[in-house]
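Asks: Got a structure for you, questions after.
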Amino acid sequence: MSKSNRKEKFPNNEYGKLPPQNVQFEESILGGIMSYSDRPEYLEATFKFLRPKVFYKSAHSIIYKTILDLYNSDRPHDILSVSSELERNGEIDNIGGKYYLTYLTTIFCSYTTIEFHSAFVFECFIRRELIQLLSEKINDLYDYKIDIVDIYDTLHERLESVFDFLDNELVHSIDSIVDRTLNELKNVSDGKVNNVIKFNDVLFDKVYVMPYDIISIAAARGAGKTRYLIKLMKGLFESNKDVCALWYSMEDSDTKIMRLWASMDTGIPDNRMQGKGDKLTKEEYERISKSMVKFKSYDCEIINDQESISVINRRFNKFMKKKGREDKFVFLVIDNIMLIEDIYNATNGNAIQIEDMVAGSIRKIVNKGKRANIKVVIIFLHHMTKEMESRANSEEAYRPKLSHVKGSTRFVDICSIAALINNPGMHKDLIKKHSVLPDIKCLDSEGNTKFYKRESILSNLIIVEIAKNRDGDVDENKMICRYLVDMGKMKFSELKALGL
């Protein structure tokens, strides 16, 4: 190893002791960070308060600065990437060469202890800062030419700077939080800031979607969740001027989304637009064309490719930082989460771990937006387990619960809003059971009552509810809505039923 790699930051003090440090902890932290490069959720706390100058060993400071630069620019920070970056910067020899990096990855701690080791290394740094500061002032105390008040003022100022560093990195100041909150409230009250996002949707406009929300829309396959998402997104762009979206539509093509949006405006079914049945008349084509021209004003990019969460992260980071989007609500939409490459290609043995990693990465995307003061919102679609569709659930009309959400529970844990969709028309036994029951009394748009046959309603009904907990209980504010739908024409009409 080079001399700089062995050199300590300052020599032994006059008491014959090494300054507070733990080089072994530093080694295990760096080894752990490089080894868990693909598990960012385990490293957020470490990256939050460790800075290069915290490390006692100069080589470790250089390595950590390189890792931090890679992390902050959304690039991988595994051993190969770190080694390559050190070579590019001409620092590889200063840290002991590639051999030393390899050594670090052989002695790394488990991810459960990285945060503990990081906290201890940080504490050692603070102790060293205090020792160095007090040592400098001891000699001044022996010199009567130096005013004692000056010594005190200097010492007090330097001590404050040390503890300010500690506070800023590890503790959220109550004063600053209160000031920031009051400032946000004043801006909202004065109309300078709008923090509520509208979707022109009966249910979601009651939920009050806010910046940094993570929204999950879960349903059984074929229940209509993608069509409901398409409806929500059109309402989003029509109801807000300051929104943009990067939309991963890995099931429906971008042209199909345009056709379905046009169906909502014109009432012309998607099948007819595709040439199935009667040809479009000239008047119908002109109506569709007029509708689609309007979509050009939407700040939206649609990607049909399957990609890994790391690629999605990098694309979205670039998307949200594009000029003109600084003050917008920036949406990341994923349809659906199970088609992300990492999960799609996972084997049975590591599926849950991969899903946990993806969930952690989604949370990290939101946190990154928050740190950059960018109003990020994430919506992802998800599937239900076969248990939801089993006959054992027929007594509850196949109502989905959070416990039915497929895969890792982390996808539920990271959500601030979880919408569950039920499509009773998928279940023939349920329709048959209700066909012998009395007709349903409903209110029309003008407030008049009308009776409908139950089987007719159930065959064209979608129920969307906002779940509160793992049992699927609905919020106290009755966060549930029933829609009569025509999927071809993309019509969603609220069903106000009396005694359903």
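Going by the structure tokens order, chains are called A, B, ..., each with residues numbered from 1, while ligands are numbered from 1 in the order shown.
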Just the strand (DSSP E) stuff from stretch 191-435 of chain A, please, per backbone DSSP, written as a ChimeraX atom specification.

Replies: /A:214-219,243-249,300-303,329-335,375-383,417-422

Asks: For the residues selected in the previous step, produce a file with C-alpha atoms as a PDB file, in the first residue's frame.

Replies:
```pdb
ATOM      1  CA  ILE A 214     -46.724   6.946  -3.363  1.00  0.00           C
ATOM      2  CA  ILE A 215     -49.968   5.544  -4.775  1.00  0.00           C
ATOM      3  CA  SER A 216     -50.650   1.877  -5.405  1.00  0.00           C
ATOM      4  CA  ILE A 217     -53.592   0.722  -7.527  1.00  0.00           C
ATOM      5  CA  ALA A 218     -54.051  -3.023  -7.082  1.00  0.00           C
ATOM      6  CA  ALA A 219     -56.527  -5.430  -8.648  1.00  0.00           C
ATOM      7  CA  VAL A 243     -47.977  18.560 -14.030  1.00  0.00           C
ATOM      8  CA  CYS A 244     -45.724  16.275 -16.036  1.00  0.00           C
ATOM      9  CA  ALA A 245     -45.319  12.505 -16.127  1.00  0.00           C
ATOM     10  CA  LEU A 246     -42.854   9.823 -17.093  1.00  0.00           C
ATOM     11  CA  TRP A 247     -45.154   6.879 -17.762  1.00  0.00           C
ATOM     12  CA  TYR A 248     -43.953   3.302 -18.036  1.00  0.00           C
ATOM     13  CA  SER A 249     -46.805   1.559 -19.845  1.00  0.00           C
ATOM     14  CA  CYS A 300     -45.858  13.425 -20.794  1.00  0.00           C
ATOM     15  CA  GLU A 301     -43.345  10.834 -21.961  1.00  0.00           C
ATOM     16  CA  ILE A 302     -44.580   7.256 -22.410  1.00  0.00           C
ATOM     17  CA  ILE A 303     -42.152   4.329 -22.446  1.00  0.00           C
ATOM     18  CA  PHE A 329     -45.745  18.096  -9.954  1.00  0.00           C
ATOM     19  CA  VAL A 330     -43.560  15.363 -11.441  1.00  0.00           C
ATOM     20  CA  PHE A 331     -45.209  11.951 -11.775  1.00  0.00           C
ATOM     21  CA  LEU A 332     -43.554   8.575 -12.237  1.00  0.00           C
ATOM     22  CA  VAL A 333     -46.171   6.052 -13.388  1.00  0.00           C
ATOM     23  CA  ILE A 334     -45.408   2.316 -13.582  1.00  0.00           C
ATOM     24  CA  ASP A 335     -47.856  -0.132 -15.149  1.00  0.00           C
ATOM     25  CA  LYS A 375     -42.719  17.668  -6.074  1.00  0.00           C
ATOM     26  CA  VAL A 376     -42.548  13.975  -6.941  1.00  0.00           C
ATOM     27  CA  VAL A 377     -45.548  11.622  -6.959  1.00  0.00           C
ATOM     28  CA  ILE A 378     -45.335   7.930  -7.857  1.00  0.00           C
ATOM     29  CA  ILE A 379     -48.222   5.742  -9.048  1.00  0.00           C
ATOM     30  CA  PHE A 380     -47.729   2.039  -9.656  1.00  0.00           C
ATOM     31  CA  LEU A 381     -50.137  -0.741 -10.591  1.00  0.00           C
ATOM     32  CA  HIS A 382     -49.995  -4.105  -8.909  1.00  0.00           C
ATOM     33  CA  HIS A 383     -51.671  -7.535  -9.006  1.00  0.00           C
ATOM     34  CA  ILE A 417     -52.476   5.754  -0.688  1.00  0.00           C
ATOM     35  CA  ALA A 418     -53.529   2.215  -1.624  1.00  0.00           C
ATOM     36  CA  ALA A 419     -56.487   1.871  -3.992  1.00  0.00           C
ATOM     37  CA  LEU A 420     -58.105  -1.564  -4.370  1.00  0.00           C
ATOM     38  CA  ILE A 421     -60.283  -2.346  -7.396  1.00  0.00           C
ATOM     39  CA  ASN A 422     -62.995  -4.979  -7.519  1.00  0.00           C
TER      40      ASN A 422
END
```

Asks: Tell me which of A:Leu495, A:Leu280, A:Val23, A:Val358 sits closest to A:Arg39, counting only C-alpha atoms.

Replies: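 Of all the options, A:Val358 lies closest to A:Arg39.
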
Asks: With a distance cut-off of 12 Å and only C-alpha atoms, select the neighbouring residues of stretch 345-351 of chain A, excluding the residue or stretch itself and same-chain residues fewer than 5 positions from it, and output the selection as a compact mmCIF listing (two decimals) with N, CA and C atoms, in the first residue's frame.

Replies:
```txt
# COMPACT_ATOMS: atom_id res chain seq x y z
N GLN A 306 -39.70 -2.71 -21.18
CA GLN A 306 -39.42 -3.24 -19.85
C GLN A 306 -38.02 -2.83 -19.46
N GLU A 307 -37.86 -2.25 -18.27
CA GLU A 307 -36.53 -1.82 -17.83
C GLU A 307 -36.34 -2.15 -16.36
N SER A 308 -35.10 -2.15 -15.92
CA SER A 308 -34.79 -2.42 -14.51
C SER A 308 -35.08 -1.17 -13.69
N MET A 338 -44.87 -5.49 -11.38
CA MET A 338 -44.35 -6.86 -11.54
C MET A 338 -43.65 -7.06 -12.89
N LEU A 339 -43.77 -6.07 -13.80
CA LEU A 339 -43.10 -6.18 -15.09
C LEU A 339 -41.74 -5.47 -15.10
N ILE A 340 -41.36 -4.84 -13.99
CA ILE A 340 -40.01 -4.30 -13.91
C ILE A 340 -39.04 -5.45 -14.07
N ASP A 356 -38.29 -6.42 -2.49
CA ASP A 356 -37.94 -5.50 -1.41
C ASP A 356 -37.00 -4.42 -1.92
N MET A 357 -36.03 -4.84 -2.75
CA MET A 357 -35.08 -3.88 -3.31
C MET A 357 -35.79 -2.87 -4.19
N VAL A 358 -36.71 -3.33 -5.03
CA VAL A 358 -37.45 -2.42 -5.92
C VAL A 358 -38.29 -1.44 -5.10
N LYS A 406 -50.15 -8.99 -4.11
CA LYS A 406 -49.17 -10.01 -4.47
C LYS A 406 -47.75 -9.64 -4.03
N GLY A 407 -46.97 -10.66 -3.66
CA GLY A 407 -45.54 -10.47 -3.43
C GLY A 407 -45.21 -9.84 -2.10
N SER A 408 -44.12 -9.08 -2.09
CA SER A 408 -43.57 -8.51 -0.87
C SER A 408 -44.53 -7.51 -0.22
```

Asks: List every residue of stretch 56-280 of chain A that DSSP, applied to the backbone of this structure, assigns to helix (DSSP H, G or I), and report them as a PyMOL selection string.

Replies: chain A and resi 58-72+79-88+93-95+97-106+111-142+148-170+174-189+204-207+225-239+254-266+270-273

Asks: For each of A:Arg399, A:Arg127, A:Arg51, A:Arg482, take the minimum atom-to-atom distance to A:Ile457, counting only C-alpha atoms, then give the residue where this is smallest.

Replies: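 Ranked by minimum distance to A:Ile457, first place goes to A:Arg482.
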
Asks: Ranking A:Ile107, A:Ile138, A:Leu260, A:Ala220 by minimum distance to A:Met233 and counting only C-alpha atoms, which one comes first?

Replies: A:Leu260

Asks: Just want the 9 Å neighbourhood of A:Asn22, counted on only C-alpha atoms, with same-chain residues fewer than 2 positions away dropped. Output as JSON, numbers by chain.

Replies: {"A": [20, 24, 25, 26, 27, 56, 120, 121, 124]}

Asks: Mind checking which residues fall within 12 Å of A:Asp429, counting only C-alpha atoms, ignoring those fewer than 2 positions away in the same chain, and posting them as a PyMOL selection string?

Replies: chain A and resi 389-391+393-395+397-398+424-427+431-435+455+458-459

Asks: Would you write out those residues with C-alpha atoms, as a CSV table (one decimal), in the first residue's frame?

Replies:
```csv
chain,number,residue,atom,x,y,z
A,389,GLU,CA,-60.4,-14.8,-6.5
A,390,SER,CA,-60.9,-18.0,-4.6
A,391,ARG,CA,-64.4,-19.3,-3.8
A,393,ASN,CA,-63.8,-15.0,-0.8
A,394,SER,CA,-67.1,-15.2,-2.6
A,395,GLU,CA,-69.1,-14.4,0.6
A,397,ALA,CA,-68.3,-10.5,-3.1
A,398,TYR,CA,-64.6,-11.1,-3.9
A,424,PRO,CA,-67.7,-8.2,-9.7
A,425,GLY,CA,-68.5,-8.9,-13.4
A,426,MET,CA,-65.5,-11.2,-13.5
A,427,HIS,CA,-67.3,-13.7,-11.2
A,431,ILE,CA,-73.8,-12.6,-10.8
A,432,LYS,CA,-75.9,-15.7,-10.6
A,433,LYS,CA,-76.4,-15.3,-6.9
A,434,HIS,CA,-77.5,-11.7,-7.3
A,435,SER,CA,-79.8,-12.3,-10.3
A,455,GLU,CA,-77.0,-8.6,-12.7
A,458,LEU,CA,-72.7,-6.1,-11.5
A,459,SER,CA,-71.7,-7.0,-15.1
```

Asks: One number please: atom CA of A:Lys489 to atom CA of A:Pro269, in Å, one decimal.

Replies: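 Separation of atom CA of A:Lys489 and atom CA of A:Pro269: 4.6 Å.
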